[in-house]
>>> print(open('my_file.cif').read())   # mmCIF, C-alpha atoms
data_start
loop_
_atom_site.label_atom_id
_atom_site.label_comp_id
_atom_site.auth_asym_id
_atom_site.auth_seq_id
_atom_site.Cartn_x
_atom_site.Cartn_y
_atom_site.Cartn_z
CA MET A 1 19.13 -7.39 -6.32
CA ILE A 2 18.01 -5.84 -3.03
CA LEU A 3 18.64 -2.38 -4.51
CA ALA A 4 16.50 -3.34 -7.49
CA LEU A 5 13.66 -4.49 -5.19
CA ALA A 6 13.81 -1.19 -3.29
CA LEU A 7 13.76 0.90 -6.49
CA ILE A 8 10.86 -1.12 -7.90
CA TYR A 9 8.84 -0.23 -4.83
CA VAL A 10 9.81 3.43 -5.14
CA VAL A 11 8.61 3.56 -8.76
CA PHE A 12 5.32 1.81 -8.08
CA ALA A 13 4.78 3.84 -4.90
CA ILE A 14 4.89 6.99 -7.02
CA LEU A 15 2.52 5.55 -9.63
CA LEU A 16 0.03 3.91 -7.29
CA ASN A 17 -0.24 6.69 -4.75
CA SER A 18 -0.47 9.38 -7.40
CA VAL A 19 -4.13 8.40 -7.69
CA GLY A 20 -5.12 11.06 -5.13
CA THR A 21 -3.26 13.75 -7.05
CA VAL A 22 -4.59 12.50 -10.39
CA ILE A 23 -8.16 12.53 -9.04
CA LEU A 24 -7.70 16.15 -7.99
CA GLN A 25 -6.19 17.08 -11.36
CA SER A 26 -8.76 15.11 -13.34
CA ILE A 27 -11.56 17.02 -11.65
CA ALA A 28 -9.83 20.28 -12.69
CA THR A 29 -8.60 19.23 -16.17
CA PHE A 30 -11.38 16.96 -17.44
CA GLY A 31 -14.29 18.28 -15.39
CA VAL A 32 -15.32 14.86 -14.02
CA ASP A 33 -17.23 14.61 -10.75
CA LYS A 34 -15.90 12.93 -7.58
CA PRO A 35 -17.66 9.54 -7.90
CA HIS A 36 -16.52 9.31 -11.54
CA ALA A 37 -12.97 10.33 -10.64
CA SER A 38 -12.90 7.75 -7.84
CA MET A 39 -13.21 5.06 -10.52
CA LEU A 40 -9.46 5.47 -11.03
CA GLU A 41 -8.96 3.72 -7.68
CA GLN A 42 -11.07 0.80 -8.90
CA PHE A 43 -9.18 0.58 -12.19
CA LYS A 44 -6.03 0.26 -10.11
CA ASP A 45 -7.10 -1.93 -7.20
CA LEU A 46 -9.54 -4.30 -8.90
CA THR A 47 -6.97 -4.95 -11.61
CA ILE A 48 -4.39 -5.71 -8.91
CA ALA A 49 -6.82 -8.08 -7.19
CA VAL A 50 -7.82 -9.99 -10.33
CA ALA A 51 -4.29 -10.19 -11.72
CA SER A 52 -2.82 -11.32 -8.40
CA PHE A 53 -5.47 -14.01 -8.02
CA LEU A 54 -4.82 -15.37 -11.52
CA ILE A 55 -1.03 -15.27 -11.66
CA ALA A 56 0.30 -15.62 -8.09
CA SER A 57 0.92 -19.37 -8.09
CA PHE A 58 2.31 -19.36 -11.64
CA LEU A 59 5.07 -16.82 -10.98
CA PRO A 60 7.63 -19.36 -9.70
CA MET A 61 7.46 -21.03 -13.13
CA LEU A 62 7.69 -17.70 -14.96
CA GLY A 63 10.49 -16.48 -12.70
CA TYR A 64 10.30 -13.65 -10.19
CA ARG A 65 12.98 -11.51 -11.85
CA ARG A 66 11.39 -11.92 -15.28
CA ALA A 67 7.94 -11.09 -13.84
CA MET A 68 9.29 -7.87 -12.30
CA ILE A 69 10.76 -6.83 -15.65
CA PHE A 70 7.41 -7.47 -17.37
CA GLY A 71 5.55 -5.49 -14.70
CA LEU A 72 7.84 -2.49 -15.08
CA ALA A 73 7.63 -2.65 -18.88
CA ILE A 74 3.81 -2.61 -18.81
CA ALA A 75 3.73 0.37 -16.44
CA GLY A 76 6.45 2.22 -18.36
CA CYS A 77 4.65 1.89 -21.70
CA ALA A 78 1.41 3.17 -20.14
CA CYS A 79 3.30 6.20 -18.76
CA VAL A 80 4.48 7.10 -22.26
CA LEU A 81 0.88 7.10 -23.52
CA MET A 82 -0.26 9.70 -20.97
CA PRO A 83 1.43 12.80 -22.47
CA LEU A 84 0.86 11.52 -26.02
CA TYR A 85 -2.91 10.96 -25.63
CA PRO A 86 -4.06 13.02 -22.62
CA SER A 87 -7.64 12.14 -21.65
CA PHE A 88 -9.52 10.66 -18.72
CA GLY A 89 -9.83 7.40 -20.68
CA THR A 90 -6.04 7.24 -21.02
CA THR A 91 -5.77 7.90 -17.28
CA GLU A 92 -8.08 4.94 -16.57
CA PHE A 93 -5.99 2.77 -18.91
CA LEU A 94 -2.81 3.91 -17.13
CA PHE A 95 -4.04 2.78 -13.72
CA MET A 96 -5.25 -0.52 -15.15
CA CYS A 97 -1.74 -1.15 -16.54
CA VAL A 98 -0.15 -0.03 -13.29
CA GLY A 99 -2.42 -2.48 -11.47
CA ILE A 100 -1.33 -5.37 -13.70
CA GLY A 101 2.32 -4.37 -13.32
CA PHE A 102 2.07 -4.06 -9.56
CA ALA A 103 0.39 -7.47 -9.26
CA LEU A 104 3.40 -9.00 -11.03
CA VAL A 105 5.85 -6.92 -9.01
CA LYS A 106 4.45 -7.20 -5.49
CA VAL A 107 4.03 -10.96 -5.54
CA SER A 108 7.55 -11.27 -6.98
CA VAL A 109 9.13 -8.84 -4.51
CA TYR A 110 7.63 -10.44 -1.40
CA SER A 111 8.48 -13.92 -2.67
CA SER A 112 12.03 -12.80 -3.48
CA ILE A 113 12.50 -11.53 0.08
CA GLY A 114 12.14 -15.12 1.27
CA LEU A 115 14.83 -16.20 -1.19
CA LEU A 116 17.23 -13.43 -0.15
CA THR A 117 16.96 -14.02 3.62
CA ASN A 118 17.86 -16.92 5.87
CA ASP A 119 15.70 -16.49 8.98
CA GLN A 120 12.72 -14.64 10.41
CA ILE A 121 14.81 -11.73 11.70
CA GLU A 122 16.38 -11.06 8.29
CA HIS A 123 12.99 -11.50 6.62
CA SER A 124 11.32 -8.91 8.86
CA ARG A 125 14.17 -6.41 8.53
CA LEU A 126 14.19 -6.59 4.74
CA THR A 127 10.37 -6.45 4.63
CA ASN A 128 10.38 -3.29 6.74
CA THR A 129 13.16 -1.78 4.61
CA ILE A 130 11.26 -2.42 1.37
CA GLU A 131 8.01 -1.08 2.86
CA GLY A 132 9.92 1.96 4.15
CA MET A 133 11.24 2.62 0.64
CA PHE A 134 7.66 2.41 -0.60
CA MET A 135 6.66 5.25 1.71
CA MET A 136 9.69 7.28 0.62
CA GLY A 137 8.48 6.82 -2.95
CA VAL A 138 5.04 8.09 -1.94
CA LEU A 139 6.67 11.15 -0.37
CA ALA A 140 8.84 11.80 -3.43
CA GLY A 141 5.88 11.29 -5.76
CA ASN A 142 3.79 14.04 -4.18
CA TRP A 143 6.58 16.57 -4.66
CA LEU A 144 7.39 15.29 -8.14
CA PHE A 145 3.80 15.73 -9.32
CA SER A 146 3.44 19.11 -7.62
CA THR A 147 6.35 20.51 -9.67
CA TYR A 148 4.40 19.81 -12.88
CA VAL A 149 1.08 21.25 -11.69
CA ASP A 150 0.48 24.84 -12.77
CA PRO A 151 -0.28 26.76 -9.54
CA VAL A 152 -2.05 29.56 -11.48
CA ASN A 153 -4.11 27.31 -13.75
CA PRO A 154 -4.53 23.80 -12.26
CA ALA A 155 -6.44 22.69 -15.38
CA ASN A 156 -3.30 23.19 -17.50
CA PRO A 157 -2.40 19.76 -19.00
CA SER A 158 1.31 20.39 -18.41
CA TRP A 159 1.14 17.96 -15.47
CA PHE A 160 1.05 15.07 -17.96
CA ASN A 161 4.77 15.66 -18.62
CA VAL A 162 5.61 14.03 -15.29
CA TYR A 163 4.96 10.68 -16.96
CA TRP A 164 8.03 11.08 -19.20
CA VAL A 165 10.09 11.05 -15.99
CA LEU A 166 8.24 8.02 -14.62
CA GLY A 167 8.64 6.12 -17.88
CA GLY A 168 12.37 6.82 -17.73
CA LEU A 169 12.56 5.52 -14.14
CA CYS A 170 10.90 2.27 -15.22
CA THR A 171 13.54 1.86 -17.93
CA VAL A 172 16.39 2.42 -15.45
CA VAL A 173 15.07 -0.20 -13.02
CA ILE A 174 14.52 -2.70 -15.85
CA ALA A 175 18.18 -2.28 -16.79
CA LEU A 176 19.21 -2.87 -13.16
CA LEU A 177 17.10 -6.04 -12.96
CA ALA A 178 18.50 -7.32 -16.23
CA THR A 179 22.01 -7.19 -14.77
CA SER A 180 21.09 -8.70 -11.37
CA GLN A 181 21.09 -12.32 -10.25
CA LEU A 182 18.51 -14.18 -8.15
CA ASP A 183 18.63 -17.87 -7.24
CA GLU A 184 14.99 -19.00 -7.56
CA SER A 185 15.55 -22.74 -7.26
CA GLU A 186 13.91 -22.97 -3.81
CA ALA A 187 10.68 -21.45 -5.14
CA GLN A 188 10.44 -23.62 -8.24
CA SER A 189 9.47 -26.76 -6.36
CA SER A 190 5.88 -25.54 -6.11
CA GLU A 191 3.34 -28.10 -7.27
CA ALA A 192 1.02 -25.45 -8.72
CA SER A 193 1.11 -26.35 -12.42
CA SER A 194 -2.46 -25.49 -13.37
CA PHE A 195 -5.11 -22.94 -12.50
CA ALA A 196 -7.07 -25.59 -10.57
CA SER A 197 -4.05 -26.52 -8.45
CA SER A 198 -3.31 -22.82 -7.88
CA LEU A 199 -6.85 -22.29 -6.59
CA LYS A 200 -6.50 -25.36 -4.37
CA GLU A 201 -3.28 -24.02 -2.86
CA MET A 202 -4.82 -20.61 -2.16
CA ARG A 203 -7.95 -22.21 -0.72
CA GLY A 204 -5.81 -24.37 1.56
CA LEU A 205 -4.11 -21.25 2.88
CA PHE A 206 -7.36 -19.33 3.28
CA LEU A 207 -8.95 -22.08 5.40
CA ARG A 208 -6.29 -21.76 8.10
CA PRO A 209 -7.63 -19.61 10.96
CA LEU A 210 -4.47 -17.53 11.36
CA ILE A 211 -4.38 -16.76 7.64
CA TYR A 212 -7.98 -15.61 7.17
CA VAL A 213 -7.85 -13.54 10.36
CA PHE A 214 -4.67 -11.95 9.02
CA LEU A 215 -6.28 -11.26 5.63
CA ILE A 216 -9.27 -9.58 7.29
CA SER A 217 -6.87 -7.41 9.30
CA ALA A 218 -4.94 -6.45 6.15
CA PHE A 219 -8.17 -5.70 4.26
CA LEU A 220 -9.43 -3.33 6.96
CA TYR A 221 -6.06 -1.62 7.37
CA VAL A 222 -5.72 -0.85 3.67
CA LEU A 223 -9.34 0.35 3.58
CA ILE A 224 -8.42 3.00 6.16
CA GLU A 225 -5.05 3.87 4.65
CA GLN A 226 -6.38 4.37 1.12
CA SER A 227 -9.27 6.49 2.37
CA PHE A 228 -6.79 9.03 3.73
CA SER A 229 -3.99 8.78 1.17
CA THR A 230 -6.29 8.99 -1.87
CA TRP A 231 -8.55 11.81 -0.71
CA LEU A 232 -6.23 13.93 1.41
CA PRO A 233 -5.20 16.22 -1.53
CA THR A 234 -8.88 16.85 -2.35
CA PHE A 235 -9.65 17.36 1.36
CA ASN A 236 -6.90 19.98 1.58
CA ASN A 237 -8.18 21.71 -1.53
CA GLU A 238 -11.93 21.74 -0.89
CA ILE A 239 -12.24 21.69 2.92
CA LEU A 240 -9.10 23.59 3.94
CA LYS A 241 -9.29 25.92 0.90
CA LEU A 242 -5.66 25.41 -0.16
CA PRO A 243 -4.34 25.74 -3.75
CA ASN A 244 -3.91 22.49 -5.72
CA THR A 245 -0.11 22.60 -5.58
CA VAL A 246 -0.01 23.22 -1.83
CA SER A 247 -2.71 20.57 -1.26
CA ILE A 248 -0.58 17.95 -2.98
CA GLN A 249 2.61 18.97 -1.18
CA LEU A 250 1.00 18.97 2.28
CA ALA A 251 -0.51 15.54 1.59
CA SER A 252 3.07 14.25 1.43
CA ILE A 253 3.27 14.69 5.20
CA LEU A 254 1.17 11.51 5.45
CA ALA A 255 3.79 9.50 3.57
CA ALA A 256 6.65 11.04 5.56
CA ALA A 257 4.87 10.33 8.85
CA THR A 258 4.28 6.71 7.80
CA ALA A 259 7.93 6.24 6.83
CA VAL A 260 9.09 7.70 10.17
CA GLY A 261 6.54 5.57 12.02
CA ARG A 262 7.85 2.35 10.47
CA ILE A 263 11.42 3.20 11.36
CA ALA A 264 10.46 4.13 14.92
CA ALA A 265 8.29 1.04 15.33
CA GLY A 266 11.31 -1.20 14.81
CA GLN A 267 12.89 0.29 17.91
CA ILE A 268 9.71 0.46 19.98
CA LEU A 269 8.95 -3.19 19.35
CA ARG A 270 12.18 -4.15 21.10
CA ARG A 271 10.54 -3.12 24.36
CA VAL A 272 6.80 -3.28 23.74
CA ARG A 273 4.71 -6.31 22.83
CA TRP A 274 3.52 -6.13 19.22
CA SER A 275 -0.14 -6.58 20.14
CA VAL A 276 0.01 -3.75 22.67
CA LEU A 277 1.66 -1.41 20.16
CA LEU A 278 -0.81 -2.15 17.36
CA ASN A 279 -3.84 -1.70 19.59
CA VAL A 280 -2.47 1.58 20.95
CA CYS A 281 -1.86 2.73 17.37
CA VAL A 282 -5.43 1.99 16.27
CA VAL A 283 -6.91 3.76 19.31
CA GLY A 284 -4.55 6.68 18.67
CA MET A 285 -5.75 6.91 15.05
CA GLY A 286 -9.31 7.22 16.29
CA LEU A 287 -8.32 9.98 18.71
CA VAL A 288 -6.59 11.93 15.93
CA VAL A 289 -9.78 11.77 13.85
CA VAL A 290 -12.01 12.87 16.74
CA VAL A 291 -9.71 15.66 17.98
CA VAL A 292 -8.36 17.12 14.73
CA LEU A 293 -11.28 17.01 12.29
CA PRO A 294 -13.29 19.67 14.18
CA MET A 295 -10.40 22.07 13.44
CA ALA A 296 -11.14 21.72 9.73
CA ARG A 297 -14.65 23.17 10.00
CA ASP A 298 -15.50 26.60 8.60
CA VAL A 299 -12.03 27.33 7.21
CA GLY A 300 -12.09 30.48 5.11
CA VAL A 301 -10.31 31.16 1.82
CA ARG A 302 -6.90 32.81 2.28
CA PRO A 303 -5.20 34.15 -0.86
CA ASP A 304 -1.78 33.92 0.81
CA ALA A 305 -2.20 30.29 2.00
CA GLY A 306 0.99 28.29 1.50
CA LEU A 307 3.14 25.57 2.97
CA LEU A 308 4.04 27.53 6.11
CA ASN A 309 0.72 29.18 6.95
CA ALA A 310 -1.91 26.55 6.18
CA PRO A 311 -4.64 25.69 8.71
CA ALA A 312 -3.48 23.53 11.63
CA ALA A 313 -5.56 20.58 10.43
CA ALA A 314 -3.45 20.38 7.25
CA TYR A 315 -0.41 19.49 9.37
CA LEU A 316 -2.14 17.39 12.04
CA ILE A 317 -4.38 15.06 10.02
CA PRO A 318 -1.44 13.48 8.09
CA LEU A 319 0.22 12.61 11.41
CA ILE A 320 -2.18 9.68 11.54
CA GLY A 321 0.47 8.02 9.37
CA LEU A 322 2.75 7.70 12.41
CA LEU A 323 0.13 5.47 14.01
CA MET A 324 -0.85 3.52 10.89
CA ALA A 325 2.77 2.70 10.08
CA PRO A 326 3.55 -0.46 12.12
CA ILE A 327 0.35 -2.41 11.44
CA TYR A 328 0.80 -3.68 7.88
CA PRO A 329 4.50 -4.72 7.92
CA VAL A 330 4.24 -6.55 11.26
CA ILE A 331 1.26 -8.71 10.38
CA ILE A 332 2.59 -9.44 6.88
CA SER A 333 5.97 -10.55 8.21
CA VAL A 334 4.29 -12.91 10.68
CA ALA A 335 2.14 -14.47 7.98
CA LEU A 336 4.89 -14.97 5.38
CA SER A 337 7.67 -16.11 7.67
CA SER A 338 5.40 -18.84 9.05
CA LEU A 339 5.06 -20.53 5.64
CA PRO A 340 7.45 -22.52 3.44
CA LYS A 341 9.08 -20.48 0.68
CA THR A 342 7.25 -22.46 -2.00
CA GLN A 343 3.96 -21.03 -0.66
CA HIS A 344 5.10 -17.40 -0.47
CA ALA A 345 3.80 -16.58 -3.96
CA ALA A 346 0.32 -17.98 -3.23
CA MET A 347 0.21 -16.26 0.16
CA THR A 348 1.36 -12.96 -1.30
CA GLY A 349 -1.30 -13.32 -3.97
CA LEU A 350 -3.96 -13.51 -1.26
CA ILE A 351 -2.41 -10.54 0.55
CA VAL A 352 -2.45 -8.44 -2.63
CA VAL A 353 -6.04 -9.45 -3.48
CA PHE A 354 -7.42 -8.50 -0.07
CA SER A 355 -5.30 -5.35 0.12
CA ALA A 356 -6.53 -4.24 -3.30
CA LEU A 357 -10.17 -4.91 -2.41
CA GLY A 358 -9.75 -2.96 0.82
CA GLY A 359 -8.14 -0.06 -1.04
CA THR A 360 -10.80 0.26 -3.72
CA LEU A 361 -13.67 -0.13 -1.24
CA GLY A 362 -12.19 2.47 1.11
CA SER A 363 -11.68 4.98 -1.69
CA ARG A 364 -15.15 4.39 -3.13
CA ILE A 365 -16.90 4.79 0.24
CA THR A 366 -14.92 7.97 0.95
CA ALA A 367 -15.81 9.35 -2.50
CA ILE A 368 -19.52 8.72 -2.01
CA VAL A 369 -19.60 10.25 1.47
CA PHE A 370 -17.35 13.12 0.33
CA SER A 371 -19.70 13.87 -2.57
CA ALA A 372 -22.94 13.47 -0.60
CA PHE A 373 -21.81 15.37 2.50
CA ASP A 374 -18.24 16.67 2.75
CA GLY A 375 -14.68 15.56 3.44
CA ILE A 376 -15.05 15.91 7.20
CA HIS A 377 -17.88 13.36 7.31
CA ALA A 378 -15.94 11.13 4.91
CA PHE A 379 -12.94 11.00 7.26
CA TYR A 380 -15.19 10.52 10.31
CA PHE A 381 -16.46 7.34 8.65
CA SER A 382 -12.97 5.82 9.07
CA LEU A 383 -13.84 5.27 12.75
CA VAL A 384 -15.99 2.30 11.68
CA PRO A 385 -13.17 0.22 10.09
CA MET A 386 -10.82 1.29 12.90
CA THR A 387 -13.18 -0.37 15.37
CA LEU A 388 -13.29 -3.49 13.21
CA VAL A 389 -9.48 -3.55 13.06
CA LEU A 390 -9.36 -3.71 16.87
CA ILE A 391 -11.66 -6.72 16.79
CA ALA A 392 -9.63 -8.42 14.02
CA LEU A 393 -6.36 -7.85 15.93
CA PHE A 394 -7.88 -9.54 18.99
CA PHE A 395 -8.57 -12.70 17.00
CA PHE A 396 -5.22 -12.45 15.21
CA LYS A 397 -3.39 -12.40 18.56
CA ARG A 398 -5.50 -15.31 19.79
CA GLU A 399 -4.45 -17.45 16.81
CA ILE A 400 -0.80 -16.49 17.36
CA ASP A 401 -1.09 -17.54 21.00
CA ARG A 402 -2.67 -20.85 19.99
CA ALA A 403 0.22 -21.48 17.61
CA ALA A 404 2.70 -20.74 20.40
CA VAL A 405 1.00 -23.19 22.78
CA SER A 406 -0.02 -25.98 20.41
CA GLY A 407 2.64 -25.64 17.74
CA PRO A 408 2.28 -24.77 14.05
CA ALA A 409 0.62 -28.07 13.18
CA ALA A 410 -2.41 -27.15 15.26
CA ILE A 411 -3.44 -24.45 12.80
CA GLY A 412 -1.93 -25.93 9.67
CA LEU A 413 1.28 -23.90 9.63
CA VAL A 414 4.58 -25.39 8.62
CA PRO A 415 7.67 -23.95 10.34
CA VAL A 416 10.30 -22.70 7.91
CA TYR A 417 13.03 -21.36 10.12
CA ASN A 418 14.65 -22.63 13.26
CA SER A 419 11.83 -21.91 15.66
CA SER A 420 9.16 -24.17 17.02
CA SER A 421 6.41 -21.57 17.01
CA LEU A 422 5.57 -17.93 16.48
CA PRO A 423 5.62 -16.58 20.04
CA GLU A 424 4.67 -12.96 20.39
CA LYS A 425 7.82 -12.16 22.31
CA ALA A 426 9.94 -13.02 19.26
CA LEU A 427 8.37 -10.31 17.12
CA PRO A 428 9.92 -7.23 18.74
CA GLU A 429 13.40 -8.38 17.76
CA SER A 430 12.38 -9.03 14.18
CA ALA A 431 10.03 -6.17 13.45
#
>>> encode(input="my_file.cif", output="structure tokens")
Amino acid sequence: MILALALIYVVFAILLNSVGTVILQSIATFGVDKPHASMLEQFKDLTIAVASFLIASFLPMLGYRRAMIFGLAIAGCACVLMPLYPSFGTTEFLFMCVGIGFALVKVSVYSSIGLLTNDQIEHSRLTNTIEGMFMMGVLAGNWLFSTYVDPVNPANPSWFNVYWVLGGLCTVVIALLATSQLDESEAQSSEASSFASSLKEMRGLFLRPLIYVFLISAFLYVLIEQSFSTWLPTFNNEILKLPNTVSIQLASILAAATAVGRIAAGQILRRVRWSVLLNVCVVGMGLVVVVVLPMARDVGVRPDAGLLNAPAAAYLIPLIGLLMAPIYPVIISVALSSLPKTQHAAMTGLIVVFSALGGTLGSRITAIVFSAFDGIHAFYFSLVPMTLVLIALFFFKREIDRAAVSGPAAIGLVPVYNSSSLPEKALPESA
């Protein structure tokens, strides 16, 4: 079952994070402009947000394993339509279906982690493993798509054939899920039996100070992450004057850096307080933007530009992933492991909603600035949400400290595991 969860995240990582590549290819193949192409991000993220909000609390009754199978089936069928009916409208429909599928899958995966683990340490380790596999899927996806892009004629629709491979992967994972077992009895005691009761449960979570501060932090983080991951291929192509294929391949450095950063963070957090590490990471992200972006100015066209002789900025900008890496998994693990397992679906629903809204807003803002000015100004704009993340982390730490001093009841949290609070010093061992 754990293998199935990991492979689900690999498949959806490829599909979701292909939006940057598909935007680049849609501009070349269909002739759409940047703001129009950026609508693909909204088809994906807004669908995720709406679907997660509507279905999160009902999933325990449907069954997490069954919901994951449905999510993969929806995405797989949409993949098959892409090479059969290639058009920008089909592409929009694809990302809408992927959004619905991912809403079913992400809520189910995060809720299943609570069922497959026995304490906070196991929960955090498995969460980091699953998130690490997601980044490996992003890395693999960039190279997979680049093999189907015609380097001589980027407008060639041959790149649609990659979706036959992705549809096949969905089928393989569905077969693996169908032969796996998951005891969901602990999650089925949820009292959410109607839409009204589901809304009440989510509202109860949202009114807790620690939870809404966490959700704001997650929203801002994803806003920054999606700005870079979605528009980095186009940045490489238009600002650094690299061919489409090379632009996509070099963008994979961001995913690789994020995967390495999450692995390294697990070791660093054994010796460094989580709040110190996250604040250093955010400040470091800002320094990368300020120091590296000037290198991207006035880059000339080079006919021999390739993977090994691209401008320095093409290799340095994606390294921001090393610094972004620890933020999301650490704060998510704290939020989920502090709640009873029957509330994991509702909490994950809120996480997915705010993450999706942050992703679509970040991509849209970047598209508008990119189109009105250029990619350098668009990436400079990320300094604004980075500053807001620092502020949100300050309040997040304050709520964690209050919980440690006053106990979970003071902020409405119910302890699940054998610990009386969520002290900061416990996080390095679990992260």
>>> resolve_selection(input="my_file.cif", expression="the PyMOL selection byres ((chain A and resi 374-382) around 8)", output="list in words")
Ile224, Ser227, Phe228, Phe235, Ile239, Val289, Val290, Leu293, Ala296, Arg297, Ile365, Thr366, Ala367, Val369, Phe370, Ser371, Ala372, Phe373, Leu383, Val384, Pro385 and Met386 of chain A
>>> closest_residue(input="my_file.cif", among="A:Val109, A:Ala51, A:Ala37, A:Ile320", to="Thr127 in chain A", atoms="only C-alpha atoms")
A:Val109
>>> closest_residue(input="my_file.cif", among="A:Val19, A:Leu177, A:Lys106, A:Gln25", to="Arg65 in chain A", atoms="only C-alpha atoms")
A:Leu177
>>> residues_around(input="my_file.cif", residues="Arg302 in chain A", least_positions_apart="4", cutoff="10 Å", atoms="only C-alpha atoms", output="list of chain:residue names")
A:Leu240, A:Lys241, A:Leu242, A:Pro243, A:Gly306, A:Asn309, A:Ala310, A:Pro311
>>> residues_around(input="my_file.cif", residues="Cys281 in chain A", least_positions_apart="2", cutoff="12 Å", atoms="all atoms listed in the file", output="short mmCIF file (atom, residue, chain, number, x, y, z; two decimals) with C-alpha atoms, in the coordinates of the input")
data_model
loop_
_atom_site.label_atom_id
_atom_site.label_comp_id
_atom_site.auth_asym_id
_atom_site.auth_seq_id
_atom_site.Cartn_x
_atom_site.Cartn_y
_atom_site.Cartn_z
CA TYR A 221 -6.06 -1.62 7.37
CA GLY A 261 6.54 5.57 12.02
CA ARG A 262 7.85 2.35 10.47
CA ALA A 265 8.29 1.04 15.33
CA TRP A 274 3.52 -6.13 19.22
CA SER A 275 -0.14 -6.58 20.14
CA VAL A 276 0.01 -3.75 22.67
CA LEU A 277 1.66 -1.41 20.16
CA LEU A 278 -0.81 -2.15 17.36
CA ASN A 279 -3.84 -1.70 19.59
CA VAL A 283 -6.91 3.76 19.31
CA GLY A 284 -4.55 6.68 18.67
CA MET A 285 -5.75 6.91 15.05
CA GLY A 286 -9.31 7.22 16.29
CA LEU A 287 -8.32 9.98 18.71
CA VAL A 288 -6.59 11.93 15.93
CA LEU A 319 0.22 12.61 11.41
CA ILE A 320 -2.18 9.68 11.54
CA GLY A 321 0.47 8.02 9.37
CA LEU A 322 2.75 7.70 12.41
CA LEU A 323 0.13 5.47 14.01
CA MET A 324 -0.85 3.52 10.89
CA ALA A 325 2.77 2.70 10.08
CA PRO A 326 3.55 -0.46 12.12
CA ILE A 327 0.35 -2.41 11.44
CA TYR A 328 0.80 -3.68 7.88
CA MET A 386 -10.82 1.29 12.90
CA THR A 387 -13.18 -0.37 15.37
CA VAL A 389 -9.48 -3.55 13.06
CA LEU A 390 -9.36 -3.71 16.87
CA LEU A 393 -6.36 -7.85 15.93
#
>>> atom_distance(input="my_file.cif", atom1="CA of Leu220 in chain A", atom2="CA of Leu357 in chain A")
9.5 Å
>>> atom_distance(input="my_file.cif", atom1="CA of Gly167 in chain A", atom2="CA of Gly31 in chain A")
26.1 Å
>>> closest_residue(input="my_file.cif", among="A:Val334, A:Val353, A:Val11, A:Ala155", to="Thr29 in chain A", atoms="all atoms listed in the file")
A:Ala155
>>> closest_residue(input="my_file.cif", among="A:Gly89, A:Gly101, A:Pro329, A:Gly362", to="Val32 in chain A", atoms="all atoms listed in the file")
A:Gly89
>>> residues_around(input="my_file.cif", residues="Ile113 in chain A", least_positions_apart="6", cutoff="9 Å", atoms="only C-alpha atoms", output="list in words")
Ile2, Leu5, His123, Leu126 and Thr127 of chain A
>>> resolve_selection(input="my_file.cif", expression="the PyMOL selection byres ((chain A and resi 157) around 10)", output="list in words")
Gln25, Ser26, Ala28, Thr29, Phe30, Pro83, Pro86, Ser87, Tyr148, Val149, Asp150, Asn153, Pro154, Ala155, Asn156, Ser158, Trp159, Phe160 and Asn161 of chain A
